[in-house]
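Q: Contents are compact mmCIF, C-alpha atoms; file name target.txt:
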```
# COMPACT_ATOMS: atom_id res chain seq x y z
CA MET S 14 25.74 -104.95 46.50
CA VAL S 15 28.69 -102.87 45.48
CA LEU S 16 27.88 -100.50 42.66
CA GLY S 17 30.57 -98.91 40.58
CA LYS S 18 32.48 -102.16 40.33
CA GLY S 19 30.81 -103.31 37.15
CA ALA S 20 27.91 -102.58 34.89
CA SER S 21 26.94 -106.13 34.04
CA SER S 22 23.30 -106.64 33.20
CA SER S 23 22.78 -109.03 36.13
CA LEU S 24 23.85 -106.28 38.53
CA SER S 25 21.38 -103.84 36.95
CA ARG S 26 18.58 -106.39 37.26
CA LYS S 27 19.38 -106.86 40.95
CA MET S 28 19.17 -103.10 41.51
CA VAL S 29 15.78 -102.89 39.75
CA ASP S 30 14.32 -105.73 41.84
CA GLY S 31 15.23 -103.92 45.06
CA ALA S 32 14.04 -100.62 43.67
CA GLU S 33 10.54 -101.92 42.90
CA ASP S 34 9.65 -102.09 46.59
CA MET S 35 11.14 -98.67 47.07
CA VAL S 36 9.05 -97.17 44.26
CA SER S 37 5.78 -98.59 45.57
CA ASN S 38 6.51 -97.01 48.94
CA CYS S 39 7.73 -93.62 47.89
CA ASN S 40 5.75 -92.46 44.88
CA ASP S 41 4.31 -89.68 46.99
CA PHE S 42 7.51 -88.29 48.42
CA THR S 43 8.35 -84.73 47.47
CA VAL S 44 11.98 -83.88 46.90
CA LEU S 45 13.92 -80.64 46.60
CA VAL S 46 17.40 -80.61 45.00
CA VAL S 47 19.49 -77.58 45.95
CA ASP S 48 22.73 -77.22 43.95
CA ASP S 49 24.42 -74.48 41.93
CA ASP S 50 25.95 -76.93 39.44
CA PRO S 51 23.67 -77.79 36.49
CA VAL S 52 25.52 -81.07 35.88
CA ILE S 53 24.87 -82.23 39.46
CA ARG S 54 21.25 -81.05 39.34
CA LYS S 55 20.59 -83.14 36.23
CA LEU S 56 22.41 -86.16 37.64
CA HIS S 57 20.60 -86.15 40.98
CA ASP S 58 17.26 -85.51 39.26
CA MET S 59 17.82 -88.60 37.07
CA HIS S 60 18.87 -90.76 40.02
CA LEU S 61 15.61 -89.83 41.75
CA LYS S 62 13.56 -90.45 38.56
CA LYS S 63 14.90 -94.00 38.55
CA PHE S 64 13.21 -94.48 41.90
CA GLY S 65 9.97 -93.00 40.65
CA LEU S 66 10.49 -89.60 42.24
CA SER S 67 10.38 -86.25 40.55
CA ALA S 68 12.26 -83.42 42.18
CA GLN S 69 11.97 -79.69 42.25
CA VAL S 70 15.37 -78.23 41.50
CA VAL S 71 16.80 -74.90 42.66
CA GLU S 72 20.16 -73.19 42.37
CA ASN S 73 20.97 -71.86 45.80
CA GLY S 74 20.10 -71.92 49.49
CA LYS S 75 18.12 -68.70 49.45
CA THR S 76 15.68 -69.98 46.82
CA ALA S 77 15.20 -73.13 48.88
CA VAL S 78 14.49 -71.12 52.03
CA ASP S 79 12.09 -68.81 50.17
CA LEU S 80 10.17 -71.79 48.75
CA CYS S 81 9.67 -73.26 52.21
CA HIS S 82 8.88 -69.84 53.65
CA PHE S 83 6.03 -69.53 51.16
CA GLY S 84 4.57 -72.84 52.23
CA ALA S 85 6.17 -75.52 50.07
CA THR S 86 6.90 -78.71 51.96
CA PHE S 87 9.25 -81.51 51.03
CA ASN S 88 9.88 -84.95 52.47
CA LEU S 89 13.49 -84.85 51.31
CA ILE S 90 15.91 -82.03 50.63
CA LEU S 91 19.27 -82.71 48.96
CA MET S 92 21.45 -79.76 49.96
CA ASP S 93 24.75 -78.85 48.33
CA LYS S 94 27.21 -77.15 50.64
CA GLU S 95 28.95 -74.52 48.56
CA MET S 96 26.57 -72.24 46.66
CA PRO S 97 26.46 -68.52 45.91
CA ILE S 98 24.05 -66.10 47.67
CA MET S 99 23.30 -68.53 50.51
CA ASP S 100 25.31 -71.70 51.11
CA GLY S 101 24.09 -75.05 52.36
CA VAL S 102 25.10 -74.51 55.98
CA GLU S 103 23.19 -71.20 56.25
CA ALA S 104 20.19 -72.58 54.37
CA THR S 105 19.99 -75.67 56.59
CA LYS S 106 20.15 -73.53 59.74
CA GLU S 107 17.38 -71.27 58.43
CA LEU S 108 15.16 -74.16 57.41
CA ARG S 109 15.49 -75.83 60.81
CA ALA S 110 14.85 -72.50 62.53
CA MET S 111 11.68 -72.19 60.44
CA GLY S 112 10.55 -75.54 61.79
CA VAL S 113 11.12 -77.52 58.60
CA ASN S 114 11.52 -81.16 59.59
CA SER S 115 12.13 -82.70 56.15
CA LEU S 116 14.92 -85.23 55.87
CA ILE S 117 17.82 -82.96 54.89
CA VAL S 118 20.80 -84.67 53.30
CA GLY S 119 23.97 -82.68 52.74
CA VAL S 120 26.05 -83.28 49.63
CA THR S 121 29.66 -82.12 49.76
CA SER S 122 32.95 -82.36 47.91
CA ARG S 123 35.70 -84.05 49.89
CA ASP S 124 36.15 -81.18 52.33
CA SER S 125 37.75 -81.27 55.73
CA GLN S 126 36.08 -83.31 58.45
CA TYR S 127 35.72 -80.07 60.39
CA GLU S 128 33.62 -78.50 57.63
CA THR S 129 31.44 -81.60 57.28
CA GLN S 130 30.93 -81.49 61.05
CA ALA S 131 29.81 -77.84 60.85
CA PHE S 132 27.40 -78.79 58.07
CA MET S 133 25.96 -81.66 60.16
CA GLU S 134 25.60 -79.34 63.15
CA ALA S 135 23.55 -76.92 61.05
CA GLY S 136 20.83 -79.57 61.16
CA LEU S 137 21.47 -82.25 58.56
CA ASP S 138 20.22 -85.78 58.99
CA PHE S 139 22.99 -87.22 56.82
CA CYS S 140 25.92 -85.98 54.81
CA PHE S 141 27.37 -87.67 51.72
CA GLU S 142 30.21 -86.98 49.36
CA LYS S 143 29.05 -85.83 45.93
CA PRO S 144 27.96 -87.02 43.54
CA LEU S 145 25.25 -89.23 44.94
CA THR S 146 25.21 -92.76 43.61
CA ALA S 147 22.38 -95.26 43.29
CA ASP S 148 23.26 -97.04 46.55
CA LYS S 149 23.41 -93.77 48.55
CA ILE S 150 19.99 -92.77 47.17
CA SER S 151 18.70 -96.22 48.06
CA PHE S 152 19.89 -95.74 51.64
CA ILE S 153 18.31 -92.26 51.83
CA LEU S 154 14.97 -93.59 50.60
CA GLN S 155 15.06 -96.37 53.17
CA GLU S 156 15.52 -93.71 55.88
CA LEU S 157 12.68 -91.73 54.35
CA ASN S 158 10.41 -94.77 54.47
CA LYS S 159 11.28 -95.29 58.12
CA LYS S 160 10.51 -91.68 58.94
CA ASN S 161 7.11 -91.57 57.20
CA MET G 5 32.80 -102.37 8.81
CA GLU G 6 30.16 -104.73 10.18
CA VAL G 7 28.31 -104.12 13.42
CA GLY G 8 30.16 -106.76 15.49
CA GLN G 9 33.49 -105.17 14.59
CA MET G 10 32.19 -101.71 15.44
CA GLN G 11 30.93 -102.92 18.79
CA ARG G 12 34.30 -104.50 19.60
CA ARG G 13 36.04 -101.30 18.62
CA LEU G 14 33.77 -99.33 20.95
CA VAL G 15 34.39 -101.69 23.87
CA ASP G 16 38.17 -101.55 23.34
CA TYR G 17 38.12 -97.77 23.04
CA THR G 18 36.04 -97.36 26.19
CA LYS G 19 38.31 -99.76 28.11
CA SER G 20 41.35 -97.75 27.05
CA LEU G 21 39.79 -94.56 28.43
CA PHE G 22 39.45 -96.25 31.82
CA MET G 23 42.94 -97.76 31.70
CA GLU G 24 44.48 -94.38 30.87
CA GLY G 25 42.59 -92.73 33.72
CA PHE G 26 40.49 -90.41 31.56
CA LEU G 27 37.30 -91.89 32.98
CA ASP G 28 36.46 -93.54 36.28
CA GLY G 29 33.58 -95.57 37.73
CA GLN G 30 31.35 -92.52 37.95
CA PHE G 31 30.99 -92.62 34.15
CA LEU G 32 29.57 -96.14 34.48
CA GLN G 33 26.98 -94.76 36.92
CA LEU G 34 25.89 -92.36 34.18
CA GLN G 35 25.54 -95.20 31.69
CA GLN G 36 23.51 -97.19 34.20
CA LEU G 37 21.07 -94.30 34.53
CA GLN G 38 20.39 -94.29 30.78
CA ASP G 39 17.46 -96.40 29.58
CA GLU G 40 14.74 -96.56 26.91
CA SER G 41 12.81 -93.67 28.42
CA ASN G 42 15.99 -91.56 28.64
CA PRO G 43 18.08 -92.85 25.72
CA ASP G 44 20.26 -89.74 25.39
CA PHE G 45 20.95 -89.15 29.04
CA VAL G 46 24.71 -89.65 28.92
CA VAL G 47 25.16 -87.38 25.92
CA GLU G 48 22.92 -84.75 27.56
CA VAL G 49 24.81 -84.73 30.85
CA VAL G 50 28.19 -84.72 29.15
CA SER G 51 27.10 -81.85 26.86
CA LEU G 52 26.01 -79.94 29.92
CA PHE G 53 29.43 -80.62 31.41
CA PHE G 54 31.14 -79.30 28.26
CA ASP G 55 29.10 -76.05 28.31
CA ASP G 56 29.57 -75.59 32.04
CA SER G 57 33.32 -76.27 31.89
CA GLU G 58 33.98 -73.92 29.02
CA LYS G 59 32.27 -71.13 30.90
CA LEU G 60 34.24 -71.94 34.07
CA LEU G 61 37.55 -72.07 32.19
CA ASN G 62 36.81 -68.64 30.67
CA ASP G 63 35.92 -67.26 34.08
CA LEU G 64 39.14 -68.71 35.52
CA THR G 65 41.27 -67.21 32.76
CA MET G 66 39.73 -63.79 33.42
CA ALA G 67 39.97 -64.07 37.18
CA LEU G 68 43.69 -64.92 37.03
CA ASP G 69 44.30 -62.10 34.60
CA GLN G 70 43.26 -59.40 37.06
CA PRO G 71 45.88 -57.07 38.62
CA ASN G 72 44.61 -58.10 42.08
CA VAL G 73 43.62 -61.74 41.85
CA ASP G 74 40.60 -62.68 43.96
CA PHE G 75 41.68 -66.16 45.08
CA LYS G 76 38.36 -66.87 46.74
CA LYS G 77 36.63 -66.41 43.40
CA VAL G 78 39.23 -68.54 41.62
CA ASP G 79 38.82 -71.25 44.24
CA ALA G 80 35.03 -71.19 43.89
CA HIS G 81 35.27 -71.71 40.12
CA VAL G 82 37.79 -74.55 40.50
CA HIS G 83 35.60 -76.11 43.17
CA GLN G 84 32.64 -76.15 40.81
CA LEU G 85 34.71 -77.60 37.98
CA LYS G 86 36.02 -80.26 40.31
CA GLY G 87 32.46 -81.16 41.32
CA SER G 88 31.08 -81.43 37.82
CA SER G 89 34.09 -83.28 36.40
CA SER G 90 33.97 -85.81 39.23
CA SER G 91 30.24 -86.28 38.71
CA ILE G 92 30.69 -87.40 35.10
CA GLY G 93 33.79 -89.44 35.85
CA ALA G 94 36.34 -87.16 34.18
CA GLN G 95 39.03 -88.31 36.59
CA ARG G 96 42.07 -86.49 35.19
CA VAL G 97 40.24 -83.17 35.09
CA LYS G 98 39.11 -83.72 38.67
CA ASN G 99 42.66 -84.49 39.81
CA ALA G 100 44.01 -81.41 38.07
CA CYS G 101 41.39 -79.35 39.93
CA ILE G 102 42.45 -80.82 43.27
CA ALA G 103 46.06 -79.70 42.66
CA PHE G 104 44.79 -76.32 41.50
CA ARG G 105 42.87 -75.76 44.74
CA ASN G 106 45.99 -76.36 46.81
CA PHE G 107 47.79 -73.56 45.02
CA CYS G 108 44.77 -71.25 45.39
CA GLU G 109 45.06 -71.75 49.10
CA GLU G 110 48.72 -70.76 48.95
CA GLN G 111 47.76 -67.78 46.77
CA ASN G 112 50.54 -68.71 44.37
CA ILE G 113 49.73 -66.99 41.06
CA GLU G 114 52.43 -68.63 38.96
CA ALA G 115 51.47 -72.10 40.12
CA CYS G 116 47.77 -71.30 39.58
CA LEU G 117 48.44 -70.25 36.01
CA ARG G 118 50.31 -73.50 35.42
CA CYS G 119 47.42 -75.43 36.96
CA LEU G 120 44.93 -73.65 34.75
CA GLN G 121 46.94 -74.75 31.70
CA GLN G 122 46.96 -78.30 33.02
CA VAL G 123 43.21 -78.30 33.66
CA LYS G 124 42.53 -76.90 30.19
CA GLN G 125 44.71 -79.55 28.63
CA GLU G 126 43.01 -82.39 30.49
CA TYR G 127 39.61 -80.95 29.69
CA TYR G 128 40.26 -80.75 25.93
CA LEU G 129 41.72 -84.25 25.96
CA VAL G 130 38.71 -85.81 27.66
CA LYS G 131 36.31 -83.77 25.52
CA ASN G 132 37.97 -85.15 22.43
CA LYS G 133 37.88 -88.71 23.78
CA LEU G 134 34.20 -88.50 24.74
CA GLU G 135 33.21 -87.00 21.40
CA THR G 136 34.98 -89.91 19.69
CA LEU G 137 33.15 -92.34 21.96
CA PHE G 138 29.77 -90.85 21.10
CA ARG G 139 30.62 -90.93 17.39
CA LEU G 140 31.44 -94.64 17.62
CA GLU G 141 28.12 -95.23 19.38
CA GLN G 142 26.22 -93.30 16.73
CA GLN G 143 27.84 -95.36 13.98
CA ILE G 144 26.71 -98.57 15.64
CA VAL G 145 23.15 -97.33 16.10
CA ALA G 146 23.05 -96.05 12.50
CA ALA G 147 24.12 -99.49 11.30
CA GLY G 148 21.22 -101.03 13.22
CA GLY G 149 23.28 -102.38 16.12
CA SER G 150 22.94 -101.83 19.86
CA ILE G 151 25.45 -100.33 22.27
CA PRO G 152 27.18 -103.13 24.22
CA LEU G 153 26.95 -102.89 28.04
CA MET G 154 30.32 -102.28 29.63
CA GLU G 155 31.62 -105.04 31.86
CA MET G 156 34.53 -103.70 33.79
CA GLY G 157 36.48 -105.38 36.53
CA LEU G 158 37.22 -102.05 38.19
```
What is this file in structure tokens?

A:
Amino acid sequence: MVLGKGASSSLSRKMVDGAEDMVSNCNDFTVLVVDDDPVIRKLHDMHLKKFGLSAQVVENGKTAVDLCHFGATFNLILMDKEMPIMDGVEATKELRAMGVNSLIVGVTSRDSQYETQAFMEAGLDFCFEKPLTADKISFILQELNKKN
Amino acid sequence: MEVGQMQRRLVDYTKSLFMEGFLDGQFLQLQQLQDESNPDFVVEVVSLFFDDSEKLLNDLTMALDQPNVDFKKVDAHVHQLKGSSSSIGAQRVKNACIAFRNFCEEQNIEACLRCLQQVKQEYYLVKNKLETLFRLEQQIVAAGGSIPLMEMGL
């Protein structure tokens, strides 16, 4: 299935069929979206809604760390890299140091391989180029199902 | 104009936006996310993009107008604009941002000012095009028709 190559109704139907299994498995997953861009936050939130998930949405790494520090737990964290106050690399390091073992997926612009590497080394499970698309989310949810 | 004609006009107009590079496949992703329970999703996201971009363009104008330009700040704003424009499929704006970032790295003020002009131009162009697109859609819905699904051999 190659999305982005056409929006024909048969393609959409195919996606929904596959997604049904996904939804029945992951209705209880908790998700945190960390991104300073309101457009991306809304887009990722909607992608997740399509799979039956509702996400908590925050604007920067520090808020994400504070949330977890005060006891919130999430199965999945979508972490933007470049944010004010505390960026994705710092936030990921802090979360892992706190013992958070959620699936953490980094979301970056097309930066250098070196920077993506540094982001992965901070403790990500996966790193994708932004914005996330339906097939990337599908992949992430499959990994989440495997993990839980 | 009857509904069938309006629908054809919409399809042709949308296709032209893709052919001319104003929009790319990411815009189709947005349309695919829209459904009966979220019927205004595309308009909502694009409106958010307009608000966000106008703020960023203002911030960029101010930042480049300073006696000592903070290129890190300029780069951060361009980075955000690049991210949001690419997420709605505004390809030409995104490409203008990519060029802009290169000149930020070189700390070349003149080139940055030129890039800002270019980005502004592309932004206003795509804003205009998208507003026209939404108007065409509204006309169809008002006439009792439905928005045709895009079939693109991209």

Q: Could you check how far CA of Glu40 (chain G) sits from CA of Lys55 (chain S), in Å to one decimal?

A: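 One can read the CA of Glu40 (chain G) to CA of Lys55 (chain S) distance as 17.4 Å.
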
Q: Which residue out of G:Gln36, G:Gln125, G:Ser41, G:Thr65 has the minimum interatomic distance to chain S when all atoms listed in the file are used?

A: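 Comparing G:Gln36, G:Gln125, G:Ser41, G:Thr65 against chain S, the winner is G:Gln36.
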
Q: Would you work out the distance separating CA of Asp138 (chain S) from CA of Gln126 (chain S), expressed in Å to one decimal?

A: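 Between CA of Asp138 (chain S) and CA of Gln126 (chain S) the gap works out to 16.1 Å.
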
Q: Can you pull out the residues contacting region 140-149 of chain S? Cut-off 6 Å, using all atoms listed in the file, and skip same-chain residues under 4 positions away; I want them as a PyMOL selection string.

A: (chain S and resi 118-122) or (chain G and resi 91)

Q: Could you please tell me, as a list in words, which residues of chain G have an atom within 8 Å of chain S when using all atoms listed in the file?

A: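 For chain G, the answer reads Gly29, Gln30, Leu32, Gln33, Leu34, Gln36, Leu37, Val49, Leu52, Phe53, Asp56, Gln84, Gly87, Ser88, Ser90, Ser91, Leu153, Met154, Glu155, Met156, Gly157 and Leu158 of chain G.
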
Q: To one decimal in Å, tell me the separation between CA of Tyr128 (chain G) and CA of Val82 (chain G).

A: 16.0 Å

Q: For each of S:Leu45, S:Leu61, S:Leu154, S:Cys81, take the minimum atom-to-atom distance to Met111 (chain S), counting all atoms listed in the file, then give the residue where this is smallest.

A: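 Under the stated criterion, the closest residue is S:Cys81.
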
Q: Identify, on the basis of all atoms listed in the file, every residue whose closest approach to region 11-25 of chain G does not exceed 9 Å; exclude the query and any residue fewer than 5 positions from it along the same chain; express the result as number ranges by chain.

A: G: 6, 94-96, 130, 133, 137, 140-141, 144, 149-154, 156, 158

Q: Give me a file of those residues, with C-alpha atoms, as a CSV table (one decimal), keeping the file's coordinate frame.

A:
```
chain,number,residue,atom,x,y,z
G,6,GLU,CA,30.2,-104.7,10.2
G,94,ALA,CA,36.3,-87.2,34.2
G,95,GLN,CA,39.0,-88.3,36.6
G,96,ARG,CA,42.1,-86.5,35.2
G,130,VAL,CA,38.7,-85.8,27.7
G,133,LYS,CA,37.9,-88.7,23.8
G,137,LEU,CA,33.2,-92.3,22.0
G,140,LEU,CA,31.4,-94.6,17.6
G,141,GLU,CA,28.1,-95.2,19.4
G,144,ILE,CA,26.7,-98.6,15.6
G,149,GLY,CA,23.3,-102.4,16.1
G,150,SER,CA,22.9,-101.8,19.9
G,151,ILE,CA,25.4,-100.3,22.3
G,152,PRO,CA,27.2,-103.1,24.2
G,153,LEU,CA,27.0,-102.9,28.0
G,154,MET,CA,30.3,-102.3,29.6
G,156,MET,CA,34.5,-103.7,33.8
G,158,LEU,CA,37.2,-102.0,38.2
```

Q: I'd like to know which of G:Asn62, G:Gln38, G:Ser57, G:Gln122 is closest to Asn99 (chain G), using only C-alpha atoms.

A: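 Once distances to Asn99 (chain G) are computed over only C-alpha atoms, the minimum belongs to G:Gln122.
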
Q: For region 71-78 of chain S, find every residue with an atom within 6 Å (counting only C-alpha atoms), except residues of its own chain fewer than 5 positions away, and show them as a PyMOL selection string.

A: chain S and resi 47-49+96+99-101+104
